[in-house]
file query.cif (mmCIF, C-alpha atoms and all ligand atoms)
data_protein
#
loop_
_atom_site.label_atom_id
_atom_site.label_comp_id
_atom_site.auth_asym_id
_atom_site.auth_seq_id
_atom_site.Cartn_x
_atom_site.Cartn_y
_atom_site.Cartn_z
CA MET A 61 0.00 0.00 0.00
CA GLN A 62 1.21 3.53 -0.80
CA THR A 63 2.15 5.47 2.35
CA ILE A 64 1.01 9.04 2.64
CA TYR A 65 3.28 10.65 5.21
CA LEU A 66 1.65 13.68 6.81
CA ASP A 67 3.62 13.65 10.06
CA ASN A 68 6.49 15.92 9.11
CA ASN A 69 6.49 17.81 12.42
CA ALA A 70 7.42 14.51 14.09
CA THR A 71 10.25 13.90 11.65
CA THR A 72 11.00 14.30 7.96
CA GLN A 73 12.28 12.14 5.16
CA VAL A 74 16.02 12.62 4.71
CA ASP A 75 16.53 14.40 1.40
CA PRO A 76 18.35 12.16 -1.12
CA GLU A 77 20.82 15.01 -1.78
CA VAL A 78 21.58 15.07 1.96
CA VAL A 79 22.23 11.32 1.99
CA GLU A 80 24.54 11.71 -0.98
CA ALA A 81 26.50 14.49 0.72
CA MET A 82 26.92 12.35 3.86
CA LEU A 83 28.02 9.05 2.28
CA PRO A 84 31.75 9.79 1.75
CA PHE A 85 32.07 10.48 5.49
CA PHE A 86 31.25 6.84 6.25
CA THR A 87 33.85 5.55 3.79
CA GLU A 88 36.92 7.40 2.57
CA LYS A 89 36.52 10.65 4.54
CA TYR A 90 36.75 9.24 8.04
CA GLY A 91 39.41 11.46 9.63
CA ASN A 92 39.03 13.22 12.96
CA PRO A 93 38.60 16.96 12.43
CA SER A 94 40.85 17.68 15.43
CA SER A 95 43.82 15.76 13.95
CA ILE A 96 46.79 17.77 12.70
CA HIS A 97 47.39 15.59 9.62
CA ARG A 98 45.83 16.22 6.23
CA PHE A 99 43.02 13.66 6.75
CA GLY A 100 41.97 15.67 9.77
CA GLY A 101 42.38 19.04 8.04
CA LEU A 102 40.18 17.98 5.14
CA ILE A 103 37.42 16.87 7.49
CA ARG A 104 37.72 20.08 9.53
CA ARG A 105 37.04 22.06 6.34
CA HIS A 106 33.82 20.09 5.76
CA VAL A 107 32.66 20.71 9.33
CA GLU A 108 33.35 24.42 8.93
CA GLN A 109 31.53 24.47 5.60
CA ALA A 110 28.50 22.92 7.31
CA ARG A 111 28.72 25.61 10.00
CA GLU A 112 28.58 28.24 7.25
CA GLN A 113 25.58 26.52 5.64
CA VAL A 114 23.64 26.41 8.93
CA ALA A 115 24.55 30.02 9.69
CA GLY A 116 23.49 31.00 6.16
CA LEU A 117 19.96 29.68 6.66
CA ILE A 118 19.33 31.78 9.76
CA GLY A 119 21.32 34.94 9.00
CA ALA A 120 24.00 34.19 11.60
CA TRP A 121 27.82 34.17 11.65
CA PRO A 122 29.39 30.69 11.35
CA GLU A 123 31.16 31.13 14.70
CA GLU A 124 27.74 31.53 16.34
CA ILE A 125 26.76 27.93 15.45
CA TYR A 126 27.54 25.04 17.85
CA PHE A 127 26.75 21.50 16.70
CA THR A 128 24.82 19.25 19.09
CA SER A 129 23.06 15.87 18.89
CA CYS A 130 19.47 17.18 18.67
CA GLY A 131 17.08 20.02 19.39
CA SER A 132 16.52 18.80 22.96
CA GLU A 133 20.23 19.00 23.70
CA SER A 134 20.41 22.53 22.29
CA ASP A 135 17.46 23.61 24.47
CA ASN A 136 19.09 22.03 27.54
CA MET A 137 22.41 23.71 26.83
CA ALA A 138 20.74 27.11 26.61
CA ILE A 139 18.49 26.82 29.67
CA GLN A 140 20.69 24.78 32.00
CA GLY A 141 23.73 26.80 30.93
CA PHE A 142 21.97 30.07 31.78
CA VAL A 143 20.89 28.78 35.20
CA LYS A 144 24.37 27.44 35.93
CA GLN A 145 25.70 30.90 35.27
CA HIS A 146 23.10 32.99 37.09
CA ARG A 147 22.45 30.42 39.86
CA ILE A 148 19.75 31.13 42.43
CA LYS A 149 19.10 34.61 41.04
CA SER A 150 17.94 33.10 37.70
CA ARG A 151 14.37 33.76 36.68
CA LEU A 152 12.89 31.73 33.82
CA VAL A 153 9.90 32.86 31.78
CA THR A 154 8.40 30.40 29.33
CA SER A 155 4.96 29.39 28.01
CA ALA A 156 2.46 26.69 28.83
CA VAL A 157 2.69 25.23 25.31
CA GLU A 158 6.43 24.56 25.02
CA HIS A 159 7.80 21.22 23.88
CA PRO A 160 8.94 19.02 26.81
CA ALA A 161 12.56 19.80 25.86
CA VAL A 162 11.96 23.30 27.24
CA ARG A 163 9.02 22.75 29.58
CA ASN A 164 10.56 19.89 31.54
CA THR A 165 14.01 21.48 31.54
CA CYS A 166 12.63 24.70 33.05
CA ARG A 167 10.54 22.79 35.60
CA ARG A 168 13.55 20.72 36.62
CA GLN A 169 15.61 23.90 37.16
CA LYS A 170 12.89 25.18 39.47
CA GLU A 171 12.65 21.88 41.39
CA GLU A 172 16.39 21.35 41.75
CA HIS A 173 17.63 24.89 42.22
CA GLY A 174 14.58 26.63 43.64
CA ILE A 175 14.68 29.36 41.02
CA ALA A 176 11.64 31.40 39.90
CA LEU A 177 9.72 30.07 36.91
CA GLU A 178 6.77 31.65 35.16
CA GLU A 179 4.79 29.69 32.53
CA LEU A 180 2.78 32.14 30.48
CA PRO A 181 -0.76 30.99 29.64
CA VAL A 182 -2.07 31.10 26.05
CA ASP A 183 -5.48 32.04 24.69
CA ALA A 184 -7.81 29.90 22.55
CA GLN A 185 -5.66 30.75 19.51
CA GLY A 186 -2.53 29.46 21.22
CA LEU A 187 -1.04 32.96 21.58
CA ILE A 188 0.42 34.63 24.67
CA ASP A 189 -0.94 37.93 25.94
CA LEU A 190 1.78 40.39 24.95
CA GLU A 191 0.48 43.09 27.27
CA HIS A 192 0.76 40.77 30.24
CA PHE A 193 4.19 39.65 29.04
CA LYS A 194 5.37 43.25 28.87
CA SER A 195 4.21 43.87 32.43
CA LEU A 196 6.64 41.24 33.78
CA PRO A 197 9.83 42.41 35.48
CA ILE A 198 12.91 41.68 33.33
CA SER A 199 16.45 41.83 34.71
CA PRO A 200 19.90 40.57 33.61
CA ASP A 201 19.07 37.36 35.52
CA THR A 202 15.92 36.74 33.46
CA LEU A 203 15.90 34.20 30.64
CA VAL A 204 12.80 34.23 28.43
CA SER A 205 12.54 30.93 26.56
CA LEU A 206 9.70 30.85 24.05
CA MET A 207 9.22 28.60 21.04
CA TRP A 208 9.11 30.20 17.62
CA ALA A 209 6.59 27.73 16.15
CA ASN A 210 4.44 25.30 18.05
CA ASN A 211 4.95 21.66 17.07
CA GLU A 212 1.27 20.71 17.49
CA THR A 213 -0.54 23.68 15.98
CA GLY A 214 2.17 25.47 14.00
CA VAL A 215 1.17 28.73 15.78
CA LEU A 216 3.96 31.33 15.75
CA PHE A 217 4.98 33.51 18.67
CA PRO A 218 6.15 37.02 17.62
CA LEU A 219 9.77 36.35 18.52
CA GLU A 220 11.12 39.53 16.91
CA GLU A 221 8.94 41.73 19.11
CA ILE A 222 9.53 39.58 22.21
CA ALA A 223 13.31 39.60 21.74
CA GLU A 224 13.44 43.39 21.18
CA TRP A 225 11.46 43.94 24.37
CA VAL A 226 13.53 41.62 26.55
CA LYS A 227 16.87 42.84 25.23
CA SER A 228 15.92 46.49 25.73
CA ARG A 229 15.38 45.64 29.41
CA GLY A 230 18.65 43.76 29.86
CA GLY A 231 17.29 40.20 29.92
CA SER A 232 18.28 37.19 27.77
CA VAL A 233 16.16 35.37 25.18
CA HIS A 234 16.29 31.80 23.93
CA SER A 235 13.98 30.36 21.30
CA ASP A 236 13.22 26.73 20.62
CA ALA A 237 13.00 27.18 16.85
CA VAL A 238 13.11 23.46 16.09
CA GLN A 239 9.85 23.61 14.12
CA ALA A 240 10.47 27.00 12.56
CA VAL A 241 13.94 26.65 11.02
CA GLY A 242 13.65 25.55 7.40
CA LYS A 243 9.90 26.20 7.28
CA MET A 244 9.93 30.00 7.44
CA PRO A 245 12.52 32.74 6.94
CA ILE A 246 14.56 33.42 10.08
CA ASP A 247 17.14 36.18 10.25
CA MET A 248 19.28 36.49 13.34
CA SER A 249 20.86 39.67 11.97
CA THR A 250 17.55 41.47 12.55
CA THR A 251 16.16 39.45 15.50
CA PRO A 252 18.05 40.10 18.75
CA LEU A 253 17.77 36.60 20.22
CA ASP A 254 20.71 35.40 22.32
CA MET A 255 20.19 31.69 21.70
CA LEU A 256 18.20 29.51 19.32
CA ALA A 257 17.79 25.73 19.05
CA LEU A 258 17.37 23.83 15.78
CA SER A 259 17.22 20.17 14.85
CA GLY A 260 18.30 18.30 11.71
CA HIS A 261 15.53 15.75 11.48
CA LYS A 262 12.81 18.38 11.18
CA LEU A 263 14.33 19.79 7.98
CA HIS A 264 15.24 16.72 5.91
CA ALA A 265 18.58 15.95 7.60
CA PRO A 266 18.90 12.78 9.72
CA LYS A 267 18.01 12.30 13.37
CA GLY A 268 20.91 12.73 15.79
CA VAL A 269 22.19 16.16 14.85
CA GLY A 270 21.17 19.66 15.84
CA ALA A 271 22.67 23.03 16.59
CA LEU A 272 22.60 25.82 19.11
CA TYR A 273 22.94 29.39 17.88
CA LEU A 274 24.75 31.53 20.42
CA ARG A 275 25.08 35.22 19.59
CA LYS A 276 28.66 36.56 19.55
CA GLY A 277 29.56 37.73 23.03
CA VAL A 278 27.04 35.45 24.79
CA LYS A 279 28.91 33.03 27.05
CA LEU A 280 27.56 29.72 28.36
CA PRO A 281 29.26 27.18 30.63
CA ALA A 282 29.78 23.75 29.05
CA LEU A 283 27.44 20.96 30.21
CA LEU A 284 29.74 18.17 29.00
CA GLN A 285 33.32 18.02 30.22
CA GLY A 286 36.01 16.66 27.92
CA GLY A 287 37.84 17.88 24.84
CA HIS A 288 37.85 21.38 23.42
CA GLN A 289 35.46 20.64 20.53
CA GLU A 290 32.92 23.29 19.53
CA ASN A 291 35.00 26.04 21.07
CA GLY A 292 35.02 24.25 24.39
CA LEU A 293 31.23 24.35 24.71
CA ARG A 294 30.39 20.81 23.64
CA ALA A 295 33.01 18.11 24.22
CA GLY A 296 33.10 14.98 22.08
CA THR A 297 34.48 14.15 18.63
CA GLU A 298 32.20 15.74 16.07
CA ASN A 299 29.54 13.60 14.37
CA VAL A 300 30.99 14.63 11.03
CA ALA A 301 28.71 12.80 8.57
CA TYR A 302 25.59 14.10 10.32
CA ILE A 303 26.98 17.62 10.62
CA VAL A 304 27.67 17.57 6.88
CA GLY A 305 24.08 16.33 6.35
CA LEU A 306 22.68 19.14 8.48
CA GLY A 307 24.74 21.67 6.52
CA LYS A 308 23.46 20.33 3.20
CA ALA A 309 19.84 20.31 4.43
CA CYS A 310 20.21 23.95 5.49
CA GLU A 311 21.71 24.90 2.14
CA LEU A 312 18.79 23.21 0.35
CA ALA A 313 16.21 24.79 2.68
CA LYS A 314 17.64 28.25 2.03
CA LYS A 315 17.39 27.79 -1.74
CA ARG A 316 13.91 26.33 -1.62
CA ILE A 317 12.23 28.12 1.24
CA ASP A 318 9.99 30.53 -0.71
CA ASN A 319 8.83 28.03 -3.32
CA GLU A 320 8.44 25.29 -0.78
CA ASN A 321 6.37 27.41 1.50
CA ASN A 322 3.96 28.29 -1.28
CA GLN A 323 3.68 24.72 -2.49
CA VAL A 324 3.22 23.27 0.99
CA ARG A 325 0.82 26.02 2.07
CA LYS A 326 -1.43 25.28 -0.93
CA LEU A 327 -1.62 21.59 0.01
CA ARG A 328 -2.22 22.40 3.69
CA ASP A 329 -4.98 24.90 2.87
CA LYS A 330 -6.65 22.50 0.46
CA LEU A 331 -6.71 19.74 3.05
CA GLU A 332 -7.79 22.02 5.90
CA ASN A 333 -10.62 23.71 3.98
CA ALA A 334 -11.93 20.39 2.70
CA LEU A 335 -11.90 18.67 6.12
CA LEU A 336 -13.51 21.61 7.90
CA ALA A 337 -16.25 21.64 5.26
CA SER A 338 -16.87 17.91 4.93
CA CYS A 339 -16.42 16.51 8.46
CA LYS A 340 -19.18 17.21 10.94
CA GLY A 341 -17.98 18.72 14.24
CA ALA A 342 -14.55 19.64 12.82
CA LYS A 343 -12.79 22.64 14.35
CA LEU A 344 -9.41 24.20 13.60
CA ASN A 345 -7.04 24.48 16.57
CA GLY A 346 -4.80 27.53 16.78
CA ALA A 347 -4.51 30.90 15.08
CA LYS A 348 -5.29 30.64 11.36
CA GLU A 349 -2.95 33.35 10.09
CA LEU A 350 0.03 33.31 12.49
CA ARG A 351 1.02 29.78 11.60
CA LEU A 352 3.62 27.62 9.88
CA PRO A 353 2.61 26.93 6.27
CA ASN A 354 2.83 23.14 6.65
CA THR A 355 0.71 22.41 9.73
CA THR A 356 -2.99 22.00 10.39
CA ASN A 357 -4.45 20.75 13.66
CA ILE A 358 -8.12 19.82 13.60
CA SER A 359 -10.39 18.40 16.30
CA PHE A 360 -13.34 16.21 15.40
CA GLU A 361 -15.81 16.50 18.23
CA ALA A 362 -16.43 13.45 20.42
CA ILE A 363 -13.91 11.18 18.64
CA GLU A 364 -10.64 9.85 20.04
CA GLY A 365 -7.63 11.16 18.11
CA GLU A 366 -5.93 7.77 18.50
CA ALA A 367 -8.90 6.04 16.81
CA ILE A 368 -8.66 8.47 13.90
CA LEU A 369 -4.94 7.71 13.58
CA LEU A 370 -5.58 3.96 13.51
CA LEU A 371 -8.17 4.21 10.75
CA LEU A 372 -5.98 6.62 8.79
CA ASP A 373 -3.14 4.12 9.22
CA GLU A 374 -5.36 1.38 7.73
CA ASN A 375 -5.56 3.62 4.67
CA GLY A 376 -1.78 4.08 4.57
CA ILE A 377 -1.96 7.62 5.94
CA ALA A 378 0.40 8.73 8.73
CA ALA A 379 -0.72 11.68 10.88
CA SER A 380 -0.41 12.45 14.56
CA SER A 381 -2.49 13.25 17.60
CA GLY A 382 -0.70 15.56 19.98
CA SER A 383 3.07 15.53 19.84
CA ALA A 384 4.91 12.36 18.79
CA CYS A 385 7.04 12.59 21.91
CA THR A 386 4.00 12.29 24.18
CA THR A 387 2.10 9.55 22.37
CA GLY A 388 1.86 6.45 24.49
CA SER A 389 -0.01 8.52 27.05
CA LEU A 390 -3.77 8.86 26.73
CA GLU A 391 -3.78 12.24 28.44
CA PRO A 392 -4.89 14.99 26.09
CA SER A 393 -2.06 17.17 24.86
CA HIS A 394 -0.90 19.91 27.25
CA VAL A 395 -1.02 22.31 24.30
CA MET A 396 -4.73 21.68 23.66
CA LEU A 397 -5.51 21.91 27.37
CA ALA A 398 -3.57 25.19 27.67
CA MET A 399 -5.67 26.55 24.79
CA GLY A 400 -8.77 25.79 26.84
CA LEU A 401 -10.22 23.07 24.60
CA SER A 402 -13.02 21.00 26.11
CA TYR A 403 -12.31 17.33 26.84
CA THR A 404 -14.19 16.10 23.77
CA TYR A 405 -12.28 18.41 21.45
CA ALA A 406 -8.88 18.09 23.16
CA HIS A 407 -8.98 14.30 22.88
CA SER A 408 -9.73 14.38 19.19
CA SER A 409 -7.02 16.77 18.10
CA THR A 410 -5.35 15.47 14.93
CA ARG A 411 -2.28 17.01 13.34
CA PHE A 412 -1.47 16.81 9.64
CA SER A 413 1.98 18.21 8.84
CA MET A 414 3.24 18.38 5.29
CA SER A 415 6.55 18.70 3.43
CA ILE A 416 7.72 19.27 -0.14
CA PHE A 417 7.64 15.53 -0.68
CA ASN A 418 3.83 15.49 -0.45
CA THR A 419 1.70 15.64 -3.59
CA GLU A 420 -1.78 16.89 -4.41
CA GLU A 421 -2.91 13.31 -5.16
CA GLU A 422 -1.99 12.35 -1.60
CA ILE A 423 -3.99 15.22 -0.18
CA ASP A 424 -6.96 14.25 -2.38
CA LYS A 425 -6.83 10.73 -0.95
CA VAL A 426 -7.00 12.06 2.64
CA ILE A 427 -9.86 14.35 1.68
CA GLU A 428 -11.64 11.33 0.23
CA VAL A 429 -11.29 9.01 3.25
CA MET A 430 -11.58 11.37 6.24
CA PRO A 431 -15.36 12.05 6.21
CA GLY A 432 -16.06 8.29 6.26
CA ILE A 433 -13.63 7.76 9.16
CA VAL A 434 -15.21 10.56 11.17
CA GLU A 435 -18.74 9.27 10.53
CA ARG A 436 -17.81 5.72 11.43
CA LEU A 437 -16.13 6.69 14.70
CA ARG A 438 -18.82 9.14 15.68
CA ALA A 439 -21.44 6.41 15.34
CA LEU A 440 -19.48 4.42 17.96
CA SER A 441 -18.70 7.34 20.28
CA PRO A 442 -20.30 7.39 23.74
CA PHE A 443 -19.69 11.17 23.80
CA ALA A 444 -21.52 11.95 20.56
CA ILE A 445 -24.85 13.68 20.96
C1 LIG A 501 9.24 22.36 19.20
C2 LIG A 501 10.20 21.24 19.42
N1 LIG A 501 11.25 21.42 20.23
C3 LIG A 501 12.16 20.47 20.47
C4 LIG A 501 12.02 19.23 19.89
C5 LIG A 501 13.06 18.19 20.17
O1 LIG A 501 13.89 18.03 19.06
P1 LIG A 501 14.80 16.71 18.93
O2 LIG A 501 13.87 15.61 18.57
O3 LIG A 501 15.78 17.03 17.85
O4 LIG A 501 15.45 16.53 20.24
C6 LIG A 501 10.93 18.96 19.05
C7 LIG A 501 10.73 17.61 18.49
O5 LIG A 501 9.60 17.17 18.28
C8 LIG A 501 10.01 20.00 18.80
O6 LIG A 501 8.96 19.81 18.01
#
call {"tool": "encode", "arguments": {"input": "query.cif", "output": "structure tokens"}}
result
Amino acid sequence: MQTIYLDNNATTQVDPEVVEAMLPFFTEKYGNPSSIHRFGGLIRRHVEQAREQVAGLIGAWPEEIYFTSCGSESDNMAIQGFVKQHRIKSRLVTSAVEHPAVRNTCRRQKEEHGIALEELPVDAQGLIDLEHFKSLPISPDTLVSLMWANNETGVLFPLEEIAEWVKSRGGSVHSDAVQAVGKMPIDMSTTPLDMLALSGHKLHAPKGVGALYLRKGVKLPALLQGGHQENGLRAGTENVAYIVGLGKACELAKKRIDNENNQVRKLRDKLENALLASCKGAKLNGAKELRLPNTTNISFEAIEGEAILLLLDENGIAASSGSACTTGSLEPSHVMLAMGLSYTYAHSSTRFSMSIFNTEEEIDKVIEVMPGIVERLRALSPFAI
């Protein structure tokens, strides 16, 4: 059966051009970039080229990019590093809809170090109240950590405005931009963030590689002790093949971003409009305009999201309910609950997330099967009226 993969916020297909760029680093190009000899020097040049490619995608300087193993590690480095530096005086401000990589890290800092933590609520659109945010005290010991794009709804926080505000008051800003990088233009030369996390496997590079952007002049203590790799911030011999893959994926994303966005947005809008029109009790979750172009999150009243996923799966269609990292738990997603969704809507939230590898025929197939799935499940639902 043909698979229709609409779960690109969970992970993406590795681009064949990325695979091709990586392959020599498993065979003939196996040197250690820290070695003095020519095998090492050659590899070092590839690592530095990848750093330039990543920097190029987000309008940064290459020396502001630190390679890590994933987005979660980058988030941990930023938040734990800040708290290590500012100790008990640290004050963390984040939102109620962050990915666990930020949410749990901030909560752990509060539990273990007794520091102040504020989780900003969101409204029904998934947006924070900027007026309330601007009423919060900000000091040099404050770290504001807010995601750029939400993984479940695609809703965007206005990071440019937030960063300007915090910096003008002497605080620091980190953004978990794992879902945003590669899906929308990001320019660190005009956005005064201090730190930003990104992850390879969300933008057609493999799993197991990410990066932390650290603005020039911003210092963080290392979390790992060992060698001097990554300017002493992240010990461990570099994962060269994967770093090269991340660099290539960023180069491709930069070239394609405008076209891709238009193409993916058209597919997303087609699917969203059709499902909202044809499925009874369907409701869009999250702000319609301030959103990533590839994501739609729809609730189908009184139906379990997991049941929808199973029937979609029978049709060869992969989607997601809540975030992939929290599946396995039957609790409704913390993002939907924070947006104030009722139990019957929160439980039925279904996310379709697209990429350039999706086609219109695939979207047509989903549009064809979804109304039947919704009708069938609603007939069985004890919650349906
Ligand atoms: C918003 C967000 N932040 C962080 C992460 C974690 O990234 P990684 O899987 O690379 O650790 C994810 C992954 O789903 C995410 O969606």
call {"tool": "residues_near_ligand", "arguments": {"input": "query.cif", "ligand": "ligand LIG 501 (chain A)", "cutoff": "10 Å", "atoms": "only C-alpha atoms and all ligand atoms", "output": "ChimeraX atom specification"}}
result
/A:68-71,128-136,157-163,206-212,214,235-240,257-262,266-271,383-386
call {"tool": "residues_around", "arguments": {"input": "query.cif", "residues": "Ser195 of chain A", "least_positions_apart": "2", "cutoff": "12 Å", "atoms": "all atoms listed in the file", "output": "list in words"}}
result
Leu180, Asp189, Leu190, Glu191, His192, Phe193, Pro197, Ile198, Trp225, Val226 and Arg229 of chain A
call {"tool": "closest_residue", "arguments": {"input": "query.cif", "among": "A:Glu374, A:Leu256, A:Pro431, A:Val215", "to": "Ala334 of chain A", "atoms": "only C-alpha atoms"}}
result
A:Pro431
call {"tool": "atom_distance", "arguments": {"input": "query.cif", "atom1": "atom CA of Phe142 of chain A", "atom2": "atom CA of Val107 of chain A"}}
result
26.6 Å
call {"tool": "atom_distance", "arguments": {"input": "query.cif", "atom1": "atom CA of Arg151 of chain A", "atom2": "atom CA of Pro200 of chain A"}}
result
9.3 Å
call {"tool": "residues_around", "arguments": {"input": "query.cif", "residues": "segment 349-361 of chain A", "least_positions_apart": "3", "cutoff": "7 Å", "atoms": "only C-alpha atoms", "output": "list in words"}}
result
Ala209, Glu212, Thr213, Gly214, Val215, Leu216, Lys243, Asn321, Val324, Arg325, Arg328, Glu332, Gly341, Ala342, Lys343, Leu344, Asn345, Thr404, Tyr405, Ser408, Ser409, Thr410, Arg411, Phe412, Ser413, Met414 and Ser415 of chain A
call {"tool": "residues_around", "arguments": {"input": "query.cif", "residues": "Glu77 of chain A", "least_positions_apart": "4", "cutoff": "9 Å", "atoms": "all atoms listed in the file", "output": "MDAnalysis selection string"}}
result
chainID A and resid 81:82 305 308:309 312
call {"tool": "closest_residue", "arguments": {"input": "query.cif", "among": "A:Ala301, A:Met399, A:Ile377, A:Ala138", "to": "Ala347 of chain A", "atoms": "all atoms listed in the file"}}
result
A:Met399
call {"tool": "residues_around", "arguments": {"input": "query.cif", "residues": "Glu220 of chain A", "least_positions_apart": "3", "cutoff": "10 Å", "atoms": "only C-alpha atoms", "output": "ChimeraX atom specification"}}
result
/A:208,217,223-225,246-248,250-253
call {"tool": "write_last_selection", "arguments": {"input": "query.cif", "atoms": "C-alpha atoms", "output": "PDB file, keeping the file's coordinate frame"}}
result
ATOM      1  CA  TRP A 208       9.110  30.200  17.620  1.00  0.00           C
ATOM      2  CA  PHE A 217       4.980  33.510  18.670  1.00  0.00           C
ATOM      3  CA  ALA A 223      13.310  39.600  21.740  1.00  0.00           C
ATOM      4  CA  GLU A 224      13.440  43.390  21.180  1.00  0.00           C
ATOM      5  CA  TRP A 225      11.460  43.940  24.370  1.00  0.00           C
ATOM      6  CA  ILE A 246      14.560  33.420  10.080  1.00  0.00           C
ATOM      7  CA  ASP A 247      17.140  36.180  10.250  1.00  0.00           C
ATOM      8  CA  MET A 248      19.280  36.490  13.340  1.00  0.00           C
ATOM      9  CA  THR A 250      17.550  41.470  12.550  1.00  0.00           C
ATOM     10  CA  THR A 251      16.160  39.450  15.500  1.00  0.00           C
ATOM     11  CA  PRO A 252      18.050  40.100  18.750  1.00  0.00           C
ATOM     12  CA  LEU A 253      17.770  36.600  20.220  1.00  0.00           C
TER      13      LEU A 253
END
call {"tool": "atom_distance", "arguments": {"input": "query.cif", "atom1": "atom CA of Ala120 of chain A", "atom2": "atom CA of Leu274 of chain A"}}
result
9.2 Å
call {"tool": "closest_residue", "arguments": {"input": "query.cif", "among": "A:Phe417, A:Lys170, A:Glu366, A:Phe99", "to": "Gln323 of chain A", "atoms": "all atoms listed in the file"}}
result
A:Phe417
call {"tool": "closest_residue", "arguments": {"input": "query.cif", "among": "A:Lys227, A:His264, A:Arg436, A:His173", "to": "Gly242 of chain A", "atoms": "all atoms listed in the file"}}
result
A:His264
call {"tool": "axis_aligned_box", "arguments": {"input": "query.cif", "around": "segment 411-416 of chain A", "padding_each_side": "6 Å", "output": "AutoDock Vina command-line options"}}
result
--center_x 2.7 --center_y 18.0 --center_z 6.6 --size_x 22.0 --size_y 14.5 --size_z 25.5
call {"tool": "closest_residue", "arguments": {"input": "query.cif", "among": "A:Glu420, A:Glu391, A:Asp201, A:Glu311", "to": "Glu112 of chain A", "atoms": "all atoms listed in the file"}}
result
A:Glu311
call {"tool": "residues_near_point", "arguments": {"input": "query.cif", "point": "(20.2, 34.4, 36.1)", "cutoff": "10 Å", "atoms": "all atoms listed in the file", "output": "list in words"}}
result
Gly141, Phe142, Val143, Lys144, Gln145, His146, Arg147, Ile148, Lys149, Ser150, Arg151, Leu152, Ile175, Ala176, Ser199, Pro200, Asp201, Thr202, Leu203, Gly231 and Ser232 of chain A
call {"tool": "closest_residue", "arguments": {"input": "query.cif", "among": "A:Met396, A:Ala313, A:Val204, A:Ala439", "to": "Met244 of chain A", "atoms": "only C-alpha atoms"}}
result
A:Ala313
call {"tool": "residues_around", "arguments": {"input": "query.cif", "residues": "Gln109 of chain A", "least_positions_apart": "4", "cutoff": "10 Å", "atoms": "all atoms listed in the file", "output": "list of chain:residue names"}}
result
A:Ile103, A:Arg104, A:Arg105, A:Gln113, A:Val114, A:Ala115, A:Pro122, A:Ile303, A:Val304, A:Gly307, A:Lys308
call {"tool": "build_atoms", "arguments": {"input": "query.cif", "residues": "segment 410-419 of chain A", "atoms": "N, CA, C and O atoms", "output": "compact mmCIF listing (two decimals), in the frame of the given file"}}
result
# COMPACT_ATOMS: atom_id res chain seq x y z
N THR A 410 -6.12 16.24 15.93
CA THR A 410 -5.35 15.47 14.93
C THR A 410 -4.50 16.44 14.13
O THR A 410 -4.99 17.44 13.64
N ARG A 411 -3.20 16.10 14.04
CA ARG A 411 -2.28 17.01 13.34
C ARG A 411 -1.86 16.39 12.01
O ARG A 411 -1.43 15.24 11.96
N PHE A 412 -2.00 17.19 10.96
CA PHE A 412 -1.47 16.81 9.64
C PHE A 412 -0.35 17.80 9.34
O PHE A 412 -0.58 19.01 9.32
N SER A 413 0.86 17.30 9.13
CA SER A 413 1.98 18.21 8.84
C SER A 413 2.68 17.76 7.57
O SER A 413 3.03 16.60 7.42
N MET A 414 2.81 18.70 6.65
CA MET A 414 3.24 18.38 5.29
C MET A 414 4.69 18.78 5.01
O MET A 414 5.28 19.54 5.76
N SER A 415 5.21 18.27 3.89
CA SER A 415 6.55 18.70 3.43
C SER A 415 6.53 18.76 1.91
O SER A 415 5.53 18.38 1.29
N ILE A 416 7.66 19.19 1.33
CA ILE A 416 7.72 19.27 -0.14
C ILE A 416 7.57 17.91 -0.79
O ILE A 416 7.36 17.83 -2.00
N PHE A 417 7.75 16.85 -0.04
CA PHE A 417 7.64 15.53 -0.68
C PHE A 417 6.18 15.09 -0.81
O PHE A 417 5.91 14.04 -1.38
N ASN A 418 5.24 15.84 -0.30
CA ASN A 418 3.83 15.49 -0.45
C ASN A 418 3.30 15.99 -1.80
O ASN A 418 3.78 16.98 -2.33
N THR A 419 2.26 15.26 -2.29
CA THR A 419 1.70 15.64 -3.59
C THR A 419 0.20 15.93 -3.43
O THR A 419 -0.41 15.55 -2.44
